[in-house]
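What follows is a single structure, written as C-alpha cells, with notes after it.
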Amino acid sequence: MREPFFAANWKMYKTPAQAREYANAFAPLADKFRERAAIVLCAPFIDLVPLREELRDLDPAGFIDVGAQDVFWEPEGAYTGEISAAMLGGESVDYCIVGHSERRRLFGDTDETVARKVTALLGADIVPIVCVGETLEEHQTGRRLDVVAGQIRACLGHLSDEQRAGLVIAYEPIWAIGTGMCDTPQGADETIGFIRTLDGGLEDATILYGGSMKADNAAYLCAEQNVDGGLVGSASLDPAGFATLIDNALRGIDGASA
Ligand code: 13P
C-alpha cells in the first residue's frame, strides 16, 4: 500500500523570514496528518536552512520533510550559481524536484540533464521528485502517453528497478500548471497508471498529479487508484490552505477505499 504524499512547490516565492513564518503556521495544522501521509515543503535554496531549523523545533520527529527545487549534477567545482546534491544533503534536504517544466522551458533542462541530476541525488541519499508532462499541443493531438513514456524512459532508464521503486514522480501536464485548467481525475489516473507499466519498479513508485490542484478538486483527483497525492504550486503558498487541501485529499482517499 503506497502512502499518500503531498509536496508543496513554492517556486520563487517566500523570503527566509516568510519560510519561518510558514513553518510555524503549518506545523501545528499538519500534526493531524502524522501516520496518514508524507509531506514535503520544496522551497527556494535560501529558505532550506531556515525551514529545516524551524521544523527541528516545531516537529522534532521530522514528520514534515524539506525539499529543494533543483540541483546540479557535479559534486563541486567552478559552476557559478549552482548547488550540488552533496551540499543539499549536508543541510538535511530529503527531496529535490528535477525536470520541472518551468526549468525545461526557461532554463534549458533536458531529459539528459534530468537523468544526470537524478543520479547525483540518489548518490547523496536525496529522493528525486521527477516531473514529466505534455504541452497543450501534444495533449490536443493525442500524444500525451507517448510524450510521457519518452520522458520517463530517457530520465529513468539508467536506474535499477529498486531505484525506480524508491522515486517520487510527478505527472504535471504543462497546460494545467498555473492555469486553473486541472486534468480530469480519469485523465490523471489513466496517465499515472500508464507510467506504472513503463519500466520495472515504477509500479511501486510514488506518483503524484500536479497542475492546478486545489482544495476543491484534491479529493476527486486523489481518490483515483493510481494517484498517490499532489505536487502543489500556488495552493501550497498559504499554510492553512495547503492543510485544507491535504485534509480534503485524504477524505477523498478514505471515501474511495470505504
Ligand atoms: P500550480 O499548482 O500552481 O498549478 O503549479 C503546479 C506545479 O507546477 C507544481 O510543481
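The way I read the labels, and the way they are meant: chains A, B, ... in the order of the C-alpha cells, residue 1 as the first residue of every chain, and ligand 1 as the first ligand shown, with later ones counted on from there.
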Could I get the residues of chain A with an atom no further than 6 Å from an atom of ligand 1, each paired with its nearest atom pair and that distance in Å to one decimal, using only C-alpha atoms and all ligand atoms, sorted by chain and residue number, as JSON lines?
{"residue": "A:Asn9", "atom": "CA", "partner": "ligand 1", "partner_atom_place_in_ligand_line": "10 (O)", "distance": 5.2}
{"residue": "A:Ile177", "atom": "CA", "partner": "ligand 1", "partner_atom_place_in_ligand_line": "4 (O)", "distance": 3.6}
{"residue": "A:Gly178", "atom": "CA", "partner": "ligand 1", "partner_atom_place_in_ligand_line": "4 (O)", "distance": 3.5}
{"residue": "A:Gly210", "atom": "CA", "partner": "ligand 1", "partner_atom_place_in_ligand_line": "6 (C)", "distance": 5.1}
{"residue": "A:Gly211", "atom": "CA", "partner": "ligand 1", "partner_atom_place_in_ligand_line": "4 (O)", "distance": 3.9}
{"residue": "A:Ser212", "atom": "CA", "partner": "ligand 1", "partner_atom_place_in_ligand_line": "4 (O)", "distance": 3.5}
{"residue": "A:Met213", "atom": "CA", "partner": "ligand 1", "partner_atom_place_in_ligand_line": "2 (O)", "distance": 5.3}
{"residue": "A:Leu231", "atom": "CA", "partner": "ligand 1", "partner_atom_place_in_ligand_line": "9 (C)", "distance": 4.9}
{"residue": "A:Val232", "atom": "CA", "partner": "ligand 1", "partner_atom_place_in_ligand_line": "2 (O)", "distance": 4.3}
{"residue": "A:Gly233", "atom": "CA", "partner": "ligand 1", "partner_atom_place_in_ligand_line": "2 (O)", "distance": 3.4}
{"residue": "A:Ser234", "atom": "CA", "partner": "ligand 1", "partner_atom_place_in_ligand_line": "3 (O)", "distance": 3.9}
{"residue": "A:Ala235", "atom": "CA", "partner": "ligand 1", "partner_atom_place_in_ligand_line": "2 (O)", "distance": 5.9}
For those residues, write N, CA and C atoms to a file as a compact mmCIF listing (two decimals), in the first residue's frame.
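The new file again_13.txt reads:
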# COMPACT_ATOMS: atom_id res chain seq x y z
N ASN A 9 5.32 22.95 -3.84
CA ASN A 9 6.37 23.57 -4.64
C ASN A 9 6.14 25.07 -4.57
N ILE A 177 -0.64 23.66 -15.47
CA ILE A 177 0.15 24.33 -14.43
C ILE A 177 -0.16 25.82 -14.40
N GLY A 178 -0.67 26.27 -13.26
CA GLY A 178 -0.91 27.69 -13.07
C GLY A 178 -2.04 28.26 -13.92
N GLY A 210 0.15 16.87 -10.61
CA GLY A 210 0.38 18.30 -10.36
C GLY A 210 -0.18 19.11 -11.51
N GLY A 211 -0.69 20.31 -11.17
CA GLY A 211 -1.27 21.20 -12.19
C GLY A 211 -2.64 21.64 -11.75
N SER A 212 -2.67 22.84 -11.10
CA SER A 212 -3.94 23.41 -10.63
C SER A 212 -4.67 22.49 -9.65
N MET A 213 -3.92 21.73 -8.84
CA MET A 213 -4.58 21.01 -7.75
C MET A 213 -4.93 22.04 -6.67
N LEU A 231 1.62 17.34 -6.29
CA LEU A 231 2.70 18.33 -6.26
C LEU A 231 1.99 19.66 -6.51
N VAL A 232 1.97 20.49 -5.48
CA VAL A 232 1.03 21.62 -5.44
C VAL A 232 1.80 22.93 -5.49
N GLY A 233 1.48 23.77 -6.46
CA GLY A 233 2.12 25.07 -6.59
C GLY A 233 1.38 26.13 -5.80
N SER A 234 0.59 26.95 -6.48
CA SER A 234 0.03 28.14 -5.82
C SER A 234 -0.84 27.80 -4.61
N ALA A 235 -1.51 26.67 -4.63
CA ALA A 235 -2.38 26.34 -3.49
C ALA A 235 -1.59 25.85 -2.27
**OP:** List the neighbours of Glu35 (chain A) out to 10 Å using only C-alpha atoms; skip same-chain residues closer than 3 positions along the sequence, and give me the result as a count of residues only.
**Re:** 5
**OP:** Do a neighbour search on Glu53 (chain A) at 12 Å with only C-alpha atoms, toss out local chain neighbours closer than 2 positions, and write the hits as an MDAnalysis selection string.
**Re:** chainID A and resid 16:17 19:20 23:24 47:51 55:60 62 65:66 91:93
Just write the chosen residues, N, CA, C and O atoms, as a PDB file, in the first residue's frame.
ATOM      1  N   PRO A  16      13.428  34.017   3.478  1.00  0.00           N
ATOM      2  CA  PRO A  16      13.701  33.176   4.652  1.00  0.00           C
ATOM      3  C   PRO A  16      12.780  33.496   5.833  1.00  0.00           C
ATOM      4  O   PRO A  16      12.305  32.577   6.515  1.00  0.00           O
ATOM      5  N   ALA A  17      12.495  34.764   6.072  1.00  0.00           N
ATOM      6  CA  ALA A  17      11.601  35.112   7.193  1.00  0.00           C
ATOM      7  C   ALA A  17      10.199  34.561   6.937  1.00  0.00           C
ATOM      8  O   ALA A  17       9.537  34.045   7.858  1.00  0.00           O
ATOM      9  N   ALA A  19       9.505  31.964   5.150  1.00  0.00           N
ATOM     10  CA  ALA A  19       9.584  30.497   5.263  1.00  0.00           C
ATOM     11  C   ALA A  19       9.454  30.090   6.738  1.00  0.00           C
ATOM     12  O   ALA A  19       8.771  29.112   7.069  1.00  0.00           O
ATOM     13  N   ARG A  20      10.100  30.834   7.607  1.00  0.00           N
ATOM     14  CA  ARG A  20       9.998  30.534   9.049  1.00  0.00           C
ATOM     15  C   ARG A  20       8.544  30.721   9.525  1.00  0.00           C
ATOM     16  O   ARG A  20       8.022  29.903  10.275  1.00  0.00           O
ATOM     17  N   ALA A  23       6.428  27.799   8.418  1.00  0.00           N
ATOM     18  CA  ALA A  23       6.670  26.584   9.209  1.00  0.00           C
ATOM     19  C   ALA A  23       5.906  26.666  10.530  1.00  0.00           C
ATOM     20  O   ALA A  23       5.278  25.681  10.958  1.00  0.00           O
ATOM     21  N   ASN A  24       5.936  27.827  11.147  1.00  0.00           N
ATOM     22  CA  ASN A  24       5.252  27.984  12.443  1.00  0.00           C
ATOM     23  C   ASN A  24       3.743  27.864  12.311  1.00  0.00           C
ATOM     24  O   ASN A  24       3.070  27.373  13.213  1.00  0.00           O
ATOM     25  N   ASP A  47      15.877  29.352   1.473  1.00  0.00           N
ATOM     26  CA  ASP A  47      14.918  29.067   2.555  1.00  0.00           C
ATOM     27  C   ASP A  47      15.148  27.702   3.208  1.00  0.00           C
ATOM     28  O   ASP A  47      14.536  27.390   4.230  1.00  0.00           O
ATOM     29  N   LEU A  48      15.992  26.865   2.604  1.00  0.00           N
ATOM     30  CA  LEU A  48      16.068  25.471   3.065  1.00  0.00           C
ATOM     31  C   LEU A  48      16.602  25.368   4.493  1.00  0.00           C
ATOM     32  O   LEU A  48      16.051  24.639   5.320  1.00  0.00           O
ATOM     33  N   VAL A  49      17.665  26.095   4.783  1.00  0.00           N
ATOM     34  CA  VAL A  49      18.255  26.001   6.125  1.00  0.00           C
ATOM     35  C   VAL A  49      17.317  26.607   7.173  1.00  0.00           C
ATOM     36  O   VAL A  49      17.026  25.965   8.196  1.00  0.00           O
ATOM     37  N   PRO A  50      16.789  27.825   6.961  1.00  0.00           N
ATOM     38  CA  PRO A  50      15.833  28.358   7.946  1.00  0.00           C
ATOM     39  C   PRO A  50      14.621  27.437   8.165  1.00  0.00           C
ATOM     40  O   PRO A  50      14.170  27.255   9.302  1.00  0.00           O
ATOM     41  N   LEU A  51      14.145  26.856   7.077  1.00  0.00           N
ATOM     42  CA  LEU A  51      12.979  25.976   7.188  1.00  0.00           C
ATOM     43  C   LEU A  51      13.329  24.748   8.034  1.00  0.00           C
ATOM     44  O   LEU A  51      12.583  24.348   8.937  1.00  0.00           O
ATOM     45  N   LEU A  55      11.710  23.735  11.638  1.00  0.00           N
ATOM     46  CA  LEU A  55      10.982  22.461  11.782  1.00  0.00           C
ATOM     47  C   LEU A  55      11.638  21.554  12.824  1.00  0.00           C
ATOM     48  O   LEU A  55      10.963  20.735  13.436  1.00  0.00           O
ATOM     49  N   ARG A  56      12.932  21.733  13.021  1.00  0.00           N
ATOM     50  CA  ARG A  56      13.627  20.907  14.018  1.00  0.00           C
ATOM     51  C   ARG A  56      12.989  21.117  15.397  1.00  0.00           C
ATOM     52  O   ARG A  56      12.851  20.195  16.190  1.00  0.00           O
ATOM     53  N   ASP A  57      12.592  22.349  15.691  1.00  0.00           N
ATOM     54  CA  ASP A  57      11.958  22.652  16.983  1.00  0.00           C
ATOM     55  C   ASP A  57      10.475  22.308  16.970  1.00  0.00           C
ATOM     56  O   ASP A  57       9.929  21.759  17.919  1.00  0.00           O
ATOM     57  N   LEU A  58       9.817  22.650  15.855  1.00  0.00           N
ATOM     58  CA  LEU A  58       8.352  22.509  15.802  1.00  0.00           C
ATOM     59  C   LEU A  58       7.936  21.049  15.625  1.00  0.00           C
ATOM     60  O   LEU A  58       6.857  20.648  16.045  1.00  0.00           O
ATOM     61  N   ASP A  59       8.793  20.290  14.952  1.00  0.00           N
ATOM     62  CA  ASP A  59       8.438  18.937  14.521  1.00  0.00           C
ATOM     63  C   ASP A  59       9.654  18.039  14.738  1.00  0.00           C
ATOM     64  O   ASP A  59      10.278  17.586  13.786  1.00  0.00           O
ATOM     65  N   PRO A  60      10.028  17.814  16.004  1.00  0.00           N
ATOM     66  CA  PRO A  60      11.284  17.108  16.277  1.00  0.00           C
ATOM     67  C   PRO A  60      11.331  15.707  15.682  1.00  0.00           C
ATOM     68  O   PRO A  60      12.413  15.199  15.368  1.00  0.00           O
ATOM     69  N   GLY A  62      10.483  14.931  12.820  1.00  0.00           N
ATOM     70  CA  GLY A  62      10.834  15.030  11.400  1.00  0.00           C
ATOM     71  C   GLY A  62       9.740  14.536  10.481  1.00  0.00           C
ATOM     72  O   GLY A  62      10.021  13.979   9.417  1.00  0.00           O
ATOM     73  N   ASP A  65       8.983  16.994   5.808  1.00  0.00           N
ATOM     74  CA  ASP A  65      10.297  16.976   5.163  1.00  0.00           C
ATOM     75  C   ASP A  65      10.533  18.256   4.366  1.00  0.00           C
ATOM     76  O   ASP A  65       9.592  18.967   4.001  1.00  0.00           O
ATOM     77  N   VAL A  66      11.813  18.473   4.071  1.00  0.00           N
ATOM     78  CA  VAL A  66      12.210  19.663   3.328  1.00  0.00           C
ATOM     79  C   VAL A  66      12.785  19.219   1.982  1.00  0.00           C
ATOM     80  O   VAL A  66      13.532  18.239   1.909  1.00  0.00           O
ATOM     81  N   GLU A  91      22.712  19.696   4.306  1.00  0.00           N
ATOM     82  CA  GLU A  91      21.763  20.561   5.025  1.00  0.00           C
ATOM     83  C   GLU A  91      20.471  19.815   5.334  1.00  0.00           C
ATOM     84  O   GLU A  91      19.433  20.423   5.578  1.00  0.00           O
ATOM     85  N   SER A  92      20.514  18.494   5.288  1.00  0.00           N
ATOM     86  CA  SER A  92      19.358  17.648   5.625  1.00  0.00           C
ATOM     87  C   SER A  92      18.155  17.871   4.729  1.00  0.00           C
ATOM     88  O   SER A  92      17.014  17.866   5.181  1.00  0.00           O
ATOM     89  N   VAL A  93      18.435  18.082   3.464  1.00  0.00           N
ATOM     90  CA  VAL A  93      17.343  18.132   2.488  1.00  0.00           C
ATOM     91  C   VAL A  93      17.004  16.687   2.100  1.00  0.00           C
ATOM     92  O   VAL A  93      17.895  15.892   1.791  1.00  0.00           O
TER      93      VAL A  93
END
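With only C-alpha atoms as the atoms that count, the minimum distance from Ala243 (chain A) to the choices A:Tyr171, A:Phe33, A:Trp10, A:Phe5 is reached by A:Phe33.
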**OP:** Measure the distance from CA of Ala68 (chain A) to CA of Glu54 (chain A) in Å and round it to one decimal.
**Re:**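 Atom-to-atom, CA of Ala68 (chain A) to CA of Glu54 (chain A), that is 16.1 Å.
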**OP:** Name the residues of region 26-139 of chain A that fall into alpha helix (DSSP H) according to DSSP on the backbone, using the chain letters and numbers of this document, as number ranges by chain.
**Re:** A: 26-30, 45-58, 85-90, 101-107, 111-123, 136-139
**OP:** Quick one: pull the distance between CA of Val130 (chain A) and CA of Asp70 (chain A), Å, one decimal.
**Re:** 10.3 Å
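Here the DSSP assignment of strand (DSSP E or B), based on backbone atoms, applies within region 16-57 of chain A to Ala38, Ile39, Val40, Leu41 and Cys42 of chain A.
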Subject >> Given only C-alpha atoms as the counted atoms, nearest of A:Gly157, A:Pro44, A:Gly89, A:Gly252 to Asp228 (chain A) >> reply: A:Gly252
Using only C-alpha atoms, which residues sit within 7 Å of Ile129 (chain A) once same-chain residues fewer than 2 positions away are excluded, as a PDB file with C-alpha atoms, in the first residue's frame?
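Saved as selection33.pdb:
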ATOM      1  CA  TYR A  95      13.817  15.508  -1.527  1.00  0.00           C
ATOM      2  CA  CYS A  96      14.566  17.519  -4.653  1.00  0.00           C
ATOM      3  CA  ILE A  97      12.357  18.342  -7.626  1.00  0.00           C
ATOM      4  CA  VAL A  98      14.034  17.790 -11.011  1.00  0.00           C
ATOM      5  CA  VAL A 127      14.832  11.329  -3.155  1.00  0.00           C
ATOM      6  CA  CYS A 131       8.465  15.851 -13.244  1.00  0.00           C
ATOM      7  CA  LEU A 167      11.367   7.569  -6.596  1.00  0.00           C
ATOM      8  CA  VAL A 168       8.665  10.175  -6.482  1.00  0.00           C
ATOM      9  CA  ILE A 169       7.362  11.062  -9.952  1.00  0.00           C
ATOM     10  CA  ALA A 170       5.016  13.948 -10.668  1.00  0.00           C
TER      11      ALA A 170
END
Subject >> Residue among A:Thr113, A:Thr179, A:Ser257, A:Gln225 lying closest to Leu208 (chain A), counting only C-alpha atoms >> reply: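 Ranking A:Thr113, A:Thr179, A:Ser257, A:Gln225 by distance to Leu208 (chain A), first place goes to A:Gln225.
With only C-alpha atoms as the atoms that count, the minimum distance from Ala176 (chain A) to the choices A:Val118, A:Ala30, A:Leu136, A:Ala223 is reached by A:Leu136.
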Original post:
region 105-111 of chain A: which residues within 7 Å, counting only C-alpha atoms, same-chain residues fewer than 4 positions away excluded, as a PyMOL selection string?
Top reply: chain A and resi 99+101+115+151+154-155
Output all heavy atoms for every residue in that selection, as a PDB file, in the first residue's frame.
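Contents of the output file selection-v9.pdb:
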ATOM      1  N   GLY A  99      13.534  18.428 -13.290  1.00  0.00           N
ATOM      2  CA  GLY A  99      12.816  18.343 -14.557  1.00  0.00           C
ATOM      3  C   GLY A  99      11.472  19.034 -14.565  1.00  0.00           C
ATOM      4  O   GLY A  99      10.615  18.735 -15.411  1.00  0.00           O
ATOM      5  N   SER A 101       8.679  21.514 -15.570  1.00  0.00           N
ATOM      6  CA  SER A 101       8.509  22.071 -16.924  1.00  0.00           C
ATOM      7  C   SER A 101       8.976  23.519 -16.998  1.00  0.00           C
ATOM      8  O   SER A 101       9.408  23.979 -18.063  1.00  0.00           O
ATOM      9  CB  SER A 101       7.058  21.959 -17.373  1.00  0.00           C
ATOM     10  OG  SER A 101       6.221  22.690 -16.516  1.00  0.00           O
ATOM     11  N   ALA A 115      18.342  13.207 -16.152  1.00  0.00           N
ATOM     12  CA  ALA A 115      18.870  11.882 -15.794  1.00  0.00           C
ATOM     13  C   ALA A 115      20.136  12.018 -14.951  1.00  0.00           C
ATOM     14  O   ALA A 115      20.329  11.296 -13.971  1.00  0.00           O
ATOM     15  CB  ALA A 115      19.160  11.081 -17.070  1.00  0.00           C
ATOM     16  N   GLN A 151       9.758  10.687 -21.901  1.00  0.00           N
ATOM     17  CA  GLN A 151      10.438  11.380 -20.799  1.00  0.00           C
ATOM     18  C   GLN A 151      10.851  10.401 -19.706  1.00  0.00           C
ATOM     19  O   GLN A 151      11.971  10.455 -19.191  1.00  0.00           O
ATOM     20  CB  GLN A 151       9.514  12.461 -20.213  1.00  0.00           C
ATOM     21  CG  GLN A 151       9.290  13.632 -21.166  1.00  0.00           C
ATOM     22  CD  GLN A 151       8.202  14.573 -20.663  1.00  0.00           C
ATOM     23  OE1 GLN A 151       7.281  14.159 -19.957  1.00  0.00           O
ATOM     24  NE2 GLN A 151       8.306  15.832 -21.039  1.00  0.00           N
ATOM     25  N   ALA A 154      13.781   8.235 -20.882  1.00  0.00           N
ATOM     26  CA  ALA A 154      15.043   8.968 -21.025  1.00  0.00           C
ATOM     27  C   ALA A 154      15.585   9.438 -19.667  1.00  0.00           C
ATOM     28  O   ALA A 154      16.795   9.485 -19.467  1.00  0.00           O
ATOM     29  CB  ALA A 154      14.829  10.171 -21.945  1.00  0.00           C
ATOM     30  N   CYS A 155      14.711   9.767 -18.747  1.00  0.00           N
ATOM     31  CA  CYS A 155      15.178  10.288 -17.448  1.00  0.00           C
ATOM     32  C   CYS A 155      15.517   9.171 -16.470  1.00  0.00           C
ATOM     33  O   CYS A 155      16.357   9.361 -15.587  1.00  0.00           O
ATOM     34  CB  CYS A 155      14.112  11.186 -16.807  1.00  0.00           C
ATOM     35  SG  CYS A 155      13.734  12.668 -17.739  1.00  0.00           S
TER      36      CYS A 155
END
**OP:** Find the residues near Phe6 (chain A): any atom within 6 Å, counting only C-alpha atoms, skip ones fewer than 4 places away on the same chain, and give them as a ChimeraX atom specification.
**Re:** /A:39,229-230
Subject >> Counting only C-alpha atoms, the residue of A:Ala218, A:Val114, A:Met12, A:Leu29 that sits nearest Phe45 (chain A) >> reply: A:Met12
